[in-house]
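Asks: Quick one, work.cif (mmCIF, N, CA and C atoms):
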```cif
data_target
loop_
_atom_site.label_atom_id
_atom_site.label_comp_id
_atom_site.auth_asym_id
_atom_site.auth_seq_id
_atom_site.Cartn_x
_atom_site.Cartn_y
_atom_site.Cartn_z
N MET C 1 28.26 -7.40 3.57
CA MET C 1 28.13 -7.48 5.01
C MET C 1 28.77 -8.78 5.48
N ILE C 2 29.50 -8.71 6.60
CA ILE C 2 30.12 -9.88 7.22
C ILE C 2 29.54 -10.03 8.62
N SER C 3 29.18 -11.26 8.96
CA SER C 3 28.57 -11.52 10.26
C SER C 3 29.17 -12.79 10.86
N GLU C 4 29.30 -12.81 12.17
CA GLU C 4 29.79 -13.99 12.88
C GLU C 4 29.13 -14.04 14.24
N GLU C 5 28.87 -15.27 14.72
CA GLU C 5 28.25 -15.46 16.02
C GLU C 5 29.19 -16.15 16.98
N ILE C 6 29.13 -15.73 18.23
CA ILE C 6 29.90 -16.35 19.30
C ILE C 6 28.89 -16.82 20.34
N ARG C 7 28.96 -18.08 20.69
CA ARG C 7 28.07 -18.66 21.70
C ARG C 7 28.81 -18.76 23.02
N PHE C 8 28.10 -18.51 24.10
CA PHE C 8 28.68 -18.58 25.44
C PHE C 8 27.59 -18.95 26.43
N PHE C 9 27.98 -19.15 27.69
CA PHE C 9 27.02 -19.52 28.72
C PHE C 9 27.11 -18.56 29.90
N GLY C 10 26.03 -18.50 30.64
CA GLY C 10 25.99 -17.70 31.86
C GLY C 10 26.80 -18.34 32.97
N HIS C 11 26.87 -17.64 34.09
CA HIS C 11 27.59 -18.13 35.27
C HIS C 11 26.97 -17.46 36.50
N LYS C 12 26.95 -18.17 37.63
CA LYS C 12 26.32 -17.64 38.84
C LYS C 12 26.95 -16.34 39.32
N ASN C 13 28.22 -16.08 38.95
CA ASN C 13 28.91 -14.87 39.41
C ASN C 13 28.86 -13.71 38.41
N VAL C 14 28.02 -13.78 37.38
CA VAL C 14 27.88 -12.65 36.45
C VAL C 14 27.30 -11.46 37.21
N LEU C 15 28.04 -10.36 37.21
CA LEU C 15 27.59 -9.12 37.87
C LEU C 15 27.26 -8.03 36.86
N SER C 16 28.09 -7.92 35.82
CA SER C 16 27.89 -6.93 34.76
C SER C 16 27.78 -5.52 35.32
N LEU C 17 28.82 -5.11 36.06
CA LEU C 17 28.83 -3.79 36.69
C LEU C 17 29.89 -2.84 36.15
N HIS C 18 30.75 -3.32 35.26
CA HIS C 18 31.85 -2.49 34.78
C HIS C 18 31.34 -1.34 33.92
N SER C 19 31.92 -0.18 34.09
CA SER C 19 31.42 1.02 33.40
C SER C 19 32.10 1.30 32.07
N ARG C 20 33.11 0.51 31.69
CA ARG C 20 33.83 0.80 30.45
C ARG C 20 33.98 -0.38 29.48
N THR C 21 33.70 -1.62 29.96
CA THR C 21 33.93 -2.78 29.09
C THR C 21 32.84 -3.84 29.24
N ILE C 22 32.79 -4.71 28.22
CA ILE C 22 32.00 -5.95 28.24
C ILE C 22 32.95 -7.04 27.77
N GLU C 23 32.97 -8.16 28.49
CA GLU C 23 33.86 -9.25 28.10
C GLU C 23 33.12 -10.57 28.10
N ILE C 24 33.49 -11.43 27.13
CA ILE C 24 33.14 -12.84 27.18
C ILE C 24 34.44 -13.62 27.11
N THR C 25 34.44 -14.82 27.69
CA THR C 25 35.67 -15.58 27.79
C THR C 25 35.43 -17.07 27.54
N LYS C 26 36.47 -17.74 27.08
CA LYS C 26 36.43 -19.19 26.96
C LYS C 26 36.62 -19.88 28.31
N ASP C 27 37.09 -19.13 29.30
CA ASP C 27 37.31 -19.69 30.62
C ASP C 27 36.03 -20.35 31.13
N GLN C 28 36.20 -21.36 31.97
CA GLN C 28 35.06 -22.10 32.52
C GLN C 28 34.49 -21.44 33.77
N ASN C 29 35.33 -20.68 34.46
CA ASN C 29 34.93 -20.14 35.75
C ASN C 29 34.98 -18.62 35.75
N LEU C 30 34.35 -18.02 36.74
CA LEU C 30 34.28 -16.57 36.87
C LEU C 30 34.26 -16.21 38.35
N THR C 31 35.18 -15.33 38.75
CA THR C 31 35.16 -14.85 40.13
C THR C 31 34.37 -13.54 40.18
N LEU C 32 34.04 -13.12 41.36
CA LEU C 32 33.27 -11.88 41.53
C LEU C 32 34.06 -10.65 41.12
N SER C 33 35.38 -10.76 40.99
CA SER C 33 36.17 -9.61 40.56
C SER C 33 36.05 -9.36 39.05
N GLY C 34 35.53 -10.32 38.31
CA GLY C 34 35.36 -10.16 36.86
C GLY C 34 34.05 -9.48 36.54
N ASP C 35 33.89 -8.24 36.97
CA ASP C 35 32.59 -7.58 36.86
C ASP C 35 32.25 -7.07 35.46
N CYS C 36 33.17 -7.25 34.50
CA CYS C 36 32.85 -6.90 33.11
C CYS C 36 32.44 -8.13 32.31
N ILE C 37 32.65 -9.32 32.86
CA ILE C 37 32.39 -10.57 32.14
C ILE C 37 30.92 -10.93 32.22
N ILE C 38 30.32 -11.14 31.04
CA ILE C 38 28.91 -11.50 30.99
C ILE C 38 28.70 -12.95 30.60
N GLY C 39 29.77 -13.66 30.22
CA GLY C 39 29.61 -15.05 29.83
C GLY C 39 30.92 -15.80 29.80
N VAL C 40 30.81 -17.11 30.02
CA VAL C 40 31.96 -18.01 30.04
C VAL C 40 31.74 -19.14 29.02
N LYS C 41 32.74 -19.99 28.88
CA LYS C 41 32.67 -21.15 27.97
C LYS C 41 32.34 -20.72 26.54
N ALA C 42 32.85 -19.57 26.13
CA ALA C 42 32.62 -19.07 24.78
C ALA C 42 33.23 -20.03 23.76
N ASP C 43 32.60 -20.16 22.61
CA ASP C 43 33.14 -21.05 21.58
C ASP C 43 34.16 -20.35 20.68
N LYS C 44 34.35 -19.04 20.88
CA LYS C 44 35.34 -18.29 20.10
C LYS C 44 35.92 -17.17 20.94
N ALA C 45 37.16 -16.82 20.62
CA ALA C 45 37.82 -15.64 21.17
C ALA C 45 38.32 -14.83 19.98
N CYS C 46 39.03 -13.75 20.24
CA CYS C 46 39.51 -12.91 19.14
C CYS C 46 40.28 -13.70 18.09
N SER C 47 41.13 -14.61 18.53
CA SER C 47 41.97 -15.36 17.59
C SER C 47 41.16 -16.27 16.68
N ASP C 48 39.93 -16.61 17.06
CA ASP C 48 39.11 -17.54 16.28
C ASP C 48 38.21 -16.87 15.25
N LEU C 49 38.17 -15.55 15.25
CA LEU C 49 37.27 -14.85 14.33
C LEU C 49 37.73 -15.01 12.88
N ARG C 50 36.77 -14.95 11.98
CA ARG C 50 37.06 -15.06 10.54
C ARG C 50 38.07 -14.00 10.12
N ILE C 51 38.96 -14.36 9.23
CA ILE C 51 40.00 -13.43 8.76
C ILE C 51 39.38 -12.23 8.06
N ASP C 52 38.35 -12.43 7.24
CA ASP C 52 37.74 -11.30 6.53
C ASP C 52 37.06 -10.33 7.51
N LEU C 53 36.50 -10.86 8.61
CA LEU C 53 35.92 -10.00 9.63
C LEU C 53 37.01 -9.18 10.32
N LYS C 54 38.11 -9.84 10.68
CA LYS C 54 39.22 -9.13 11.33
C LYS C 54 39.76 -8.03 10.43
N GLN C 55 39.87 -8.31 9.14
CA GLN C 55 40.39 -7.30 8.20
C GLN C 55 39.50 -6.07 8.18
N LYS C 56 38.19 -6.27 8.19
CA LYS C 56 37.25 -5.15 8.21
C LYS C 56 37.36 -4.36 9.51
N ILE C 57 37.42 -5.09 10.64
CA ILE C 57 37.47 -4.45 11.95
C ILE C 57 38.74 -3.61 12.11
N ARG C 58 39.81 -4.02 11.44
CA ARG C 58 41.08 -3.29 11.53
C ARG C 58 41.09 -2.09 10.58
N SER C 59 40.05 -1.29 10.67
CA SER C 59 39.93 -0.07 9.88
C SER C 59 39.35 1.02 10.77
N ASN C 60 39.92 2.21 10.69
CA ASN C 60 39.41 3.33 11.49
C ASN C 60 38.01 3.75 11.07
N SER C 61 37.59 3.38 9.86
CA SER C 61 36.27 3.77 9.37
C SER C 61 35.22 2.68 9.59
N CYS C 62 35.61 1.57 10.20
CA CYS C 62 34.68 0.45 10.41
C CYS C 62 33.72 0.73 11.55
N HIS C 63 32.44 0.53 11.29
CA HIS C 63 31.41 0.60 12.32
C HIS C 63 30.94 -0.84 12.58
N ILE C 64 30.95 -1.27 13.84
CA ILE C 64 30.63 -2.64 14.21
C ILE C 64 29.33 -2.66 15.00
N ASN C 65 28.44 -3.57 14.64
CA ASN C 65 27.21 -3.78 15.40
C ASN C 65 27.29 -5.12 16.12
N PHE C 66 26.89 -5.12 17.37
CA PHE C 66 26.83 -6.33 18.19
C PHE C 66 25.40 -6.51 18.64
N GLU C 67 24.89 -7.72 18.50
CA GLU C 67 23.60 -8.08 19.07
C GLU C 67 23.87 -9.08 20.17
N LEU C 68 23.54 -8.72 21.39
CA LEU C 68 23.61 -9.64 22.51
C LEU C 68 22.25 -10.31 22.60
N ILE C 69 22.23 -11.61 22.34
CA ILE C 69 20.97 -12.35 22.30
C ILE C 69 20.94 -13.32 23.47
N VAL C 70 20.01 -13.10 24.37
CA VAL C 70 19.76 -14.00 25.49
C VAL C 70 18.25 -14.19 25.49
N GLU C 71 17.81 -15.27 24.89
CA GLU C 71 16.38 -15.49 24.66
C GLU C 71 15.59 -15.27 25.95
N PRO C 72 14.51 -14.52 25.86
CA PRO C 72 13.85 -13.99 24.68
C PRO C 72 14.26 -12.55 24.32
N TYR C 73 15.40 -12.08 24.84
CA TYR C 73 15.77 -10.68 24.69
C TYR C 73 16.96 -10.49 23.75
N THR C 74 17.03 -9.29 23.17
CA THR C 74 18.17 -8.86 22.37
C THR C 74 18.54 -7.44 22.80
N PHE C 75 19.85 -7.21 22.96
CA PHE C 75 20.37 -5.89 23.32
C PHE C 75 21.42 -5.52 22.29
N CYS C 76 21.29 -4.33 21.69
CA CYS C 76 22.20 -3.91 20.62
C CYS C 76 23.27 -2.96 21.14
N ILE C 77 24.48 -3.17 20.65
CA ILE C 77 25.65 -2.38 21.02
C ILE C 77 26.36 -2.03 19.72
N SER C 78 26.93 -0.84 19.65
CA SER C 78 27.72 -0.49 18.48
C SER C 78 29.09 0.00 18.94
N GLY C 79 30.03 -0.06 18.03
CA GLY C 79 31.38 0.39 18.33
C GLY C 79 32.16 0.62 17.06
N ASN C 80 33.41 0.96 17.23
CA ASN C 80 34.25 1.30 16.08
C ASN C 80 35.46 0.39 15.99
N GLY C 81 35.85 0.14 14.76
CA GLY C 81 37.09 -0.57 14.52
C GLY C 81 38.27 0.38 14.67
N ASN C 82 39.47 -0.19 14.54
CA ASN C 82 40.68 0.62 14.62
C ASN C 82 41.81 -0.14 13.95
N LYS C 83 42.63 0.57 13.21
CA LYS C 83 43.72 -0.08 12.47
C LYS C 83 44.75 -0.72 13.39
N GLU C 84 44.77 -0.34 14.68
CA GLU C 84 45.74 -0.88 15.64
C GLU C 84 45.27 -2.16 16.34
N LEU C 85 44.04 -2.60 16.08
CA LEU C 85 43.52 -3.79 16.76
C LEU C 85 44.32 -5.03 16.37
N VAL C 86 44.68 -5.83 17.37
CA VAL C 86 45.50 -7.02 17.16
C VAL C 86 44.64 -8.27 16.93
N LEU C 87 43.61 -8.44 17.75
CA LEU C 87 42.62 -9.52 17.59
C LEU C 87 43.22 -10.91 17.60
N ASP C 88 44.16 -11.17 18.53
CA ASP C 88 44.76 -12.51 18.56
C ASP C 88 44.69 -13.19 19.92
N HIS C 89 43.92 -12.65 20.87
CA HIS C 89 43.82 -13.29 22.17
C HIS C 89 43.11 -14.64 22.02
N LYS C 90 43.61 -15.65 22.70
CA LYS C 90 43.09 -17.00 22.53
C LYS C 90 41.93 -17.36 23.45
N ASP C 91 41.60 -16.48 24.42
CA ASP C 91 40.53 -16.80 25.36
C ASP C 91 39.41 -15.78 25.45
N ASP C 92 39.69 -14.51 25.17
CA ASP C 92 38.73 -13.45 25.48
C ASP C 92 38.40 -12.56 24.28
N ILE C 93 37.27 -11.88 24.44
CA ILE C 93 36.85 -10.79 23.54
C ILE C 93 36.34 -9.67 24.43
N VAL C 94 36.84 -8.45 24.20
CA VAL C 94 36.44 -7.30 25.02
C VAL C 94 35.94 -6.17 24.12
N ILE C 95 34.75 -5.68 24.44
CA ILE C 95 34.15 -4.51 23.81
C ILE C 95 34.43 -3.35 24.75
N ARG C 96 35.00 -2.24 24.22
CA ARG C 96 35.44 -1.14 25.08
C ARG C 96 34.79 0.19 24.70
N LYS C 97 34.37 0.94 25.72
CA LYS C 97 33.91 2.32 25.53
C LYS C 97 35.11 3.24 25.26
N SER C 98 36.23 2.90 25.86
CA SER C 98 37.43 3.74 25.75
C SER C 98 38.16 3.47 24.44
N ASP C 99 39.30 4.10 24.27
CA ASP C 99 40.15 3.88 23.10
C ASP C 99 41.32 2.95 23.41
N PHE C 100 41.30 2.31 24.59
CA PHE C 100 42.38 1.40 24.97
C PHE C 100 42.37 0.18 24.05
N ILE C 101 43.56 -0.23 23.61
CA ILE C 101 43.68 -1.38 22.72
C ILE C 101 44.69 -2.37 23.29
N CYS C 102 44.27 -3.64 23.34
CA CYS C 102 45.17 -4.75 23.63
C CYS C 102 44.72 -5.91 22.75
N ASN C 103 45.34 -7.06 22.88
CA ASN C 103 45.01 -8.16 21.97
C ASN C 103 43.64 -8.79 22.24
N ARG C 104 42.95 -8.38 23.30
CA ARG C 104 41.59 -8.85 23.59
C ARG C 104 40.52 -7.91 23.05
N THR C 105 40.91 -6.71 22.64
CA THR C 105 39.96 -5.68 22.22
C THR C 105 39.41 -5.96 20.83
N ILE C 106 38.07 -5.98 20.71
CA ILE C 106 37.43 -6.14 19.40
C ILE C 106 36.89 -4.82 18.86
N CYS C 107 36.63 -3.86 19.75
CA CYS C 107 36.20 -2.55 19.29
C CYS C 107 36.48 -1.50 20.36
N VAL C 108 36.51 -0.25 19.93
CA VAL C 108 36.69 0.90 20.81
C VAL C 108 35.48 1.81 20.62
N GLY C 109 35.30 2.73 21.56
CA GLY C 109 34.21 3.70 21.44
C GLY C 109 32.83 3.07 21.42
N SER C 110 32.63 2.01 22.19
CA SER C 110 31.34 1.32 22.16
C SER C 110 30.23 2.17 22.78
N SER C 111 29.03 1.88 22.39
CA SER C 111 27.86 2.60 22.90
C SER C 111 27.48 2.16 24.30
N SER C 112 27.96 0.99 24.72
CA SER C 112 27.55 0.42 26.01
C SER C 112 28.69 -0.32 26.67
N ALA C 113 28.58 -0.42 27.99
CA ALA C 113 29.48 -1.24 28.81
C ALA C 113 28.61 -2.23 29.57
N ALA C 114 29.24 -3.09 30.37
CA ALA C 114 28.50 -4.12 31.09
C ALA C 114 27.38 -3.54 31.96
N ILE C 115 27.63 -2.42 32.60
CA ILE C 115 26.64 -1.80 33.49
C ILE C 115 25.38 -1.36 32.73
N ASP C 116 25.50 -1.14 31.42
CA ASP C 116 24.38 -0.66 30.60
C ASP C 116 23.45 -1.76 30.11
N ILE C 117 23.86 -3.00 30.25
CA ILE C 117 23.03 -4.12 29.79
C ILE C 117 21.83 -4.23 30.73
N PRO C 118 20.63 -4.32 30.16
CA PRO C 118 19.43 -4.39 31.01
C PRO C 118 19.52 -5.52 32.04
N ARG C 119 19.08 -5.21 33.25
CA ARG C 119 19.20 -6.16 34.36
C ARG C 119 18.41 -7.44 34.14
N HIS C 120 17.32 -7.39 33.37
CA HIS C 120 16.58 -8.64 33.13
C HIS C 120 17.41 -9.61 32.28
N ILE C 121 18.28 -9.11 31.44
CA ILE C 121 19.19 -9.97 30.67
C ILE C 121 20.27 -10.52 31.59
N ILE C 122 20.83 -9.69 32.44
CA ILE C 122 21.88 -10.12 33.37
C ILE C 122 21.34 -11.18 34.34
N GLU C 123 20.11 -11.02 34.79
CA GLU C 123 19.52 -12.04 35.67
C GLU C 123 19.48 -13.40 34.98
N LEU C 124 19.15 -13.42 33.70
CA LEU C 124 19.16 -14.68 32.95
C LEU C 124 20.58 -15.25 32.85
N LEU C 125 21.58 -14.36 32.69
CA LEU C 125 22.96 -14.81 32.53
C LEU C 125 23.60 -15.27 33.85
N LYS C 126 22.87 -15.21 34.94
CA LYS C 126 23.36 -15.77 36.20
C LYS C 126 23.12 -17.30 36.24
N ASP C 127 22.41 -17.81 35.24
CA ASP C 127 22.12 -19.24 35.14
C ASP C 127 23.20 -19.90 34.27
N PRO C 128 23.98 -20.83 34.82
CA PRO C 128 25.05 -21.48 34.06
C PRO C 128 24.57 -22.27 32.84
N GLN C 129 23.28 -22.58 32.80
CA GLN C 129 22.73 -23.32 31.66
C GLN C 129 22.24 -22.39 30.54
N LYS C 130 22.19 -21.08 30.82
CA LYS C 130 21.62 -20.14 29.85
C LYS C 130 22.60 -19.85 28.73
N LEU C 131 22.16 -20.06 27.51
CA LEU C 131 22.98 -19.78 26.33
C LEU C 131 22.84 -18.31 25.95
N GLY C 132 23.96 -17.69 25.66
CA GLY C 132 23.97 -16.34 25.12
C GLY C 132 24.69 -16.36 23.78
N ILE C 133 24.35 -15.41 22.94
CA ILE C 133 24.98 -15.28 21.62
C ILE C 133 25.35 -13.82 21.43
N ILE C 134 26.53 -13.58 20.93
CA ILE C 134 26.88 -12.24 20.44
C ILE C 134 27.06 -12.37 18.93
N ARG C 135 26.21 -11.65 18.20
CA ARG C 135 26.30 -11.60 16.75
C ARG C 135 27.03 -10.31 16.37
N ILE C 136 28.14 -10.46 15.66
CA ILE C 136 28.98 -9.33 15.24
C ILE C 136 28.71 -9.11 13.75
N THR C 137 28.40 -7.86 13.39
CA THR C 137 28.12 -7.55 11.99
C THR C 137 28.87 -6.28 11.59
N VAL C 138 29.53 -6.33 10.44
CA VAL C 138 30.17 -5.15 9.86
C VAL C 138 29.75 -5.05 8.40
N GLU C 139 29.68 -3.82 7.93
CA GLU C 139 29.29 -3.58 6.52
C GLU C 139 30.50 -3.76 5.61
#
```
Take the structure I supplied and represent it as structure tokens, if you would.
Replies:
Amino acid sequence: MISEEIRFFGHKNVLSLHSRTIEITKDQNLTLSGDCIIGVKADKACSDLRIDLKQKIRSNSCHINFELIVEPYTFCISGNGNKELVLDHKDDIVIRKSDFICNRTICVGSSSAAIDIPRHIIELLKDPQKLGIIRITVE
């Protein structure tokens, strides 16, 4: 099993209303048009992930588990890897329900999008001081 954690912070403009994606970014700011973004100031983007994790994710048979941890809550998301994933974006990571692939995409066919994250978690992520963690695990 391979696991990696990405730390990020909330922002006053977190809306989490997008129906197909979830995104975290290294960017410091967030406008209201970024309705898929749940966190900013991330300590990692696709390009920063461990090489062995990227190799596993770049498989059509890879099943990926994500734990969104915003104390005291945890929300679980699952998705699939794909041999076409590039995983080299320097600022962002995007979890997608669709099969669309770009260099920000970490998985396709996810079980959830931003709109599916429980509202009590999103309310916490409206606080710029609130730490969030996404734990990525693959077998």
Asks: Identify, on the basis of only C-alpha atoms, every residue whose closest approach to C:Phe66 does not exceed 7 Å; exclude the query and any residue fewer than 6 positions from it along the same chain; express the result as number ranges by chain.
Replies: C: 76-78, 134-137
Asks: Please measure the separation of atom C of C:Ser110 and atom C of C:Ile95, giving the value in Å to one decimal.
Replies: 7.2 Å
Asks: Work out how far atom C of C:Cys102 is from atom N of C:Cys62, in Å to one decimal.
Replies: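 Separation between atom N of C:Cys62 and atom C of C:Cys102: 17.2 Å.
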Asks: Name the residues captured by the PyMOL selection byres ((chain C and resi 41) around 6.5) when it is applied to the shown file; answer as a PDB file with N, CA and C atoms, keeping the file's coordinate frame.
Replies:
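And here is the file that came out, expr08.pdb:
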```pdb
ATOM      1  N   ARG C   7      28.960 -18.080  20.690  1.00  0.00           N
ATOM      2  CA  ARG C   7      28.070 -18.660  21.700  1.00  0.00           C
ATOM      3  C   ARG C   7      28.810 -18.760  23.020  1.00  0.00           C
ATOM      4  N   PHE C   8      28.100 -18.510  24.100  1.00  0.00           N
ATOM      5  CA  PHE C   8      28.680 -18.580  25.440  1.00  0.00           C
ATOM      6  C   PHE C   8      27.590 -18.950  26.430  1.00  0.00           C
ATOM      7  N   PHE C   9      27.980 -19.150  27.690  1.00  0.00           N
ATOM      8  CA  PHE C   9      27.020 -19.520  28.720  1.00  0.00           C
ATOM      9  C   PHE C   9      27.110 -18.560  29.900  1.00  0.00           C
ATOM     10  N   THR C  25      34.440 -14.820  27.690  1.00  0.00           N
ATOM     11  CA  THR C  25      35.670 -15.580  27.790  1.00  0.00           C
ATOM     12  C   THR C  25      35.430 -17.070  27.540  1.00  0.00           C
ATOM     13  N   LYS C  26      36.470 -17.740  27.080  1.00  0.00           N
ATOM     14  CA  LYS C  26      36.430 -19.190  26.960  1.00  0.00           C
ATOM     15  C   LYS C  26      36.620 -19.880  28.310  1.00  0.00           C
ATOM     16  N   ASP C  27      37.090 -19.130  29.300  1.00  0.00           N
ATOM     17  CA  ASP C  27      37.310 -19.690  30.620  1.00  0.00           C
ATOM     18  C   ASP C  27      36.030 -20.350  31.130  1.00  0.00           C
ATOM     19  N   GLN C  28      36.200 -21.360  31.970  1.00  0.00           N
ATOM     20  CA  GLN C  28      35.060 -22.100  32.520  1.00  0.00           C
ATOM     21  C   GLN C  28      34.490 -21.440  33.770  1.00  0.00           C
ATOM     22  N   ASN C  29      35.330 -20.680  34.460  1.00  0.00           N
ATOM     23  CA  ASN C  29      34.930 -20.140  35.750  1.00  0.00           C
ATOM     24  C   ASN C  29      34.980 -18.620  35.750  1.00  0.00           C
ATOM     25  N   GLY C  39      29.770 -13.660  30.220  1.00  0.00           N
ATOM     26  CA  GLY C  39      29.610 -15.050  29.830  1.00  0.00           C
ATOM     27  C   GLY C  39      30.920 -15.800  29.800  1.00  0.00           C
ATOM     28  N   VAL C  40      30.810 -17.110  30.020  1.00  0.00           N
ATOM     29  CA  VAL C  40      31.960 -18.010  30.040  1.00  0.00           C
ATOM     30  C   VAL C  40      31.740 -19.140  29.020  1.00  0.00           C
ATOM     31  N   ALA C  42      32.850 -19.570  26.130  1.00  0.00           N
ATOM     32  CA  ALA C  42      32.620 -19.070  24.780  1.00  0.00           C
ATOM     33  C   ALA C  42      33.230 -20.030  23.760  1.00  0.00           C
ATOM     34  N   ASP C  43      32.600 -20.160  22.610  1.00  0.00           N
ATOM     35  CA  ASP C  43      33.140 -21.050  21.580  1.00  0.00           C
ATOM     36  C   ASP C  43      34.160 -20.350  20.680  1.00  0.00           C
ATOM     37  N   LYS C  44      34.350 -19.040  20.880  1.00  0.00           N
ATOM     38  CA  LYS C  44      35.340 -18.290  20.100  1.00  0.00           C
ATOM     39  C   LYS C  44      35.920 -17.170  20.940  1.00  0.00           C
TER      40      LYS C  44
END
```
Asks: Using DSSP secondary structure from the backbone, list all alpha helix (DSSP H) positions within chain C, as an mmCIF file with N, CA and C atoms, keeping the file's coordinate frame.
Replies:
```
data_model
loop_
_atom_site.group_PDB
_atom_site.id
_atom_site.type_symbol
_atom_site.label_atom_id
_atom_site.label_comp_id
_atom_site.auth_asym_id
_atom_site.auth_seq_id
_atom_site.Cartn_x
_atom_site.Cartn_y
_atom_site.Cartn_z
ATOM 1 N N ILE C 51 38.960 -14.360 9.230
ATOM 2 C CA ILE C 51 40.000 -13.430 8.760
ATOM 3 C C ILE C 51 39.380 -12.230 8.060
ATOM 4 N N ASP C 52 38.350 -12.430 7.240
ATOM 5 C CA ASP C 52 37.740 -11.300 6.530
ATOM 6 C C ASP C 52 37.060 -10.330 7.510
ATOM 7 N N LEU C 53 36.500 -10.860 8.610
ATOM 8 C CA LEU C 53 35.920 -10.000 9.630
ATOM 9 C C LEU C 53 37.010 -9.180 10.320
ATOM 10 N N LYS C 54 38.110 -9.840 10.680
ATOM 11 C CA LYS C 54 39.220 -9.130 11.330
ATOM 12 C C LYS C 54 39.760 -8.030 10.430
ATOM 13 N N GLN C 55 39.870 -8.310 9.140
ATOM 14 C CA GLN C 55 40.390 -7.300 8.200
ATOM 15 C C GLN C 55 39.500 -6.070 8.180
ATOM 16 N N LYS C 56 38.190 -6.270 8.190
ATOM 17 C CA LYS C 56 37.250 -5.150 8.210
ATOM 18 C C LYS C 56 37.360 -4.360 9.510
ATOM 19 N N ILE C 57 37.420 -5.090 10.640
ATOM 20 C CA ILE C 57 37.470 -4.450 11.950
ATOM 21 C C ILE C 57 38.740 -3.610 12.110
ATOM 22 N N ARG C 119 19.080 -5.210 33.250
ATOM 23 C CA ARG C 119 19.200 -6.160 34.360
ATOM 24 C C ARG C 119 18.410 -7.440 34.140
ATOM 25 N N HIS C 120 17.320 -7.390 33.370
ATOM 26 C CA HIS C 120 16.580 -8.640 33.130
ATOM 27 C C HIS C 120 17.410 -9.610 32.280
ATOM 28 N N ILE C 121 18.280 -9.110 31.440
ATOM 29 C CA ILE C 121 19.190 -9.970 30.670
ATOM 30 C C ILE C 121 20.270 -10.520 31.590
ATOM 31 N N ILE C 122 20.830 -9.690 32.440
ATOM 32 C CA ILE C 122 21.880 -10.120 33.370
ATOM 33 C C ILE C 122 21.340 -11.180 34.340
ATOM 34 N N GLU C 123 20.110 -11.020 34.790
ATOM 35 C CA GLU C 123 19.520 -12.040 35.670
ATOM 36 C C GLU C 123 19.480 -13.400 34.980
ATOM 37 N N LEU C 124 19.150 -13.420 33.700
ATOM 38 C CA LEU C 124 19.160 -14.680 32.950
ATOM 39 C C LEU C 124 20.580 -15.250 32.850
#
```
Asks: Taking the file as I've supplied it (selection: the PyMOL selection byres (((chain C and resi 61 and name CA) around 9) and name CA)), which residues are included? Please answer as a PyMOL selection string.
Replies: chain C and resi 57-60+62-63+80-83
Asks: Need to verify the contact set: C:Phe75, 9 Å, only C-alpha atoms, exclusion of same-chain residues closer than 4 positions in sequence. Can you return it as a PyMOL selection string?
Replies: chain C and resi 66-70+117-118+121
Asks: Can you list, as a list in words, every protein, DNA or RNA residue that comes within 10 Å of C:Glu71 when you count only C-alpha atoms, leaving out same-chain residues fewer than 3 positions away?
Replies: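 In the requested form, the answer reads Leu68, Thr74, Ile121, Leu124, Lys130, Leu131, Gly132 and Ile133 of chain C.
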Asks: Nearest to C:Lys90 among C:Asn103, C:Gln129, C:Ser111, C:Ser16, with distances taken over all atoms listed in the file: which residue is it?
Replies: C:Asn103
Asks: Mind checking DSSP for chain C and telling me the strand (DSSP E) residues as a count of residues only?
Replies: 48
Asks: Going by the chain IDs and residue numbers used in this file, which residues fall under the PyMOL selection byres ((chain C and resi 32) around 7)? Write them as a ChimeraX atom specification.
Replies: /C:13-15,30-31,33-35
Asks: Which residue is closest to C:Asp91? Choose from C:Met1, C:Val138, C:Ala45, C:Cys36 and count all atoms listed in the file.
Replies: C:Ala45
Asks: Have a look at C:Lys54, C:Ala114, C:Ile106, C:Asp99 and name the one nearest to C:His18; count all atoms listed in the file.
Replies: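 Selected residue with least distance to C:His18: C:Ala114.
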Asks: From the list C:Cys46, C:Arg20, C:Leu53, C:Ile101, which residue is nearest C:Leu87 when using all atoms listed in the file?
Replies: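 Among C:Cys46, C:Arg20, C:Leu53, C:Ile101, it is C:Cys46 that comes nearest to C:Leu87.
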Asks: Find, counting only N, CA and C atoms, the residue in C:Gln55, C:Ile38, C:Leu17, C:Ile2 that gets nearest to C:Lys126.
Replies: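 Ranked by minimum distance to C:Lys126, first place goes to C:Ile38.
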Asks: When distances are computed from all atoms listed in the file, which of C:Asp92, C:Val86, C:Asp48, C:Pro72 shows the smallest separation from C:Ile24?
Replies: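 Selected residue with least distance to C:Ile24: C:Asp92.
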Asks: To one decimal place, how far is atom CA of C:Lys97 from atom N of C:Asp127 in Å?
Replies: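 Computing it gives 25.1 Å between the two atoms.
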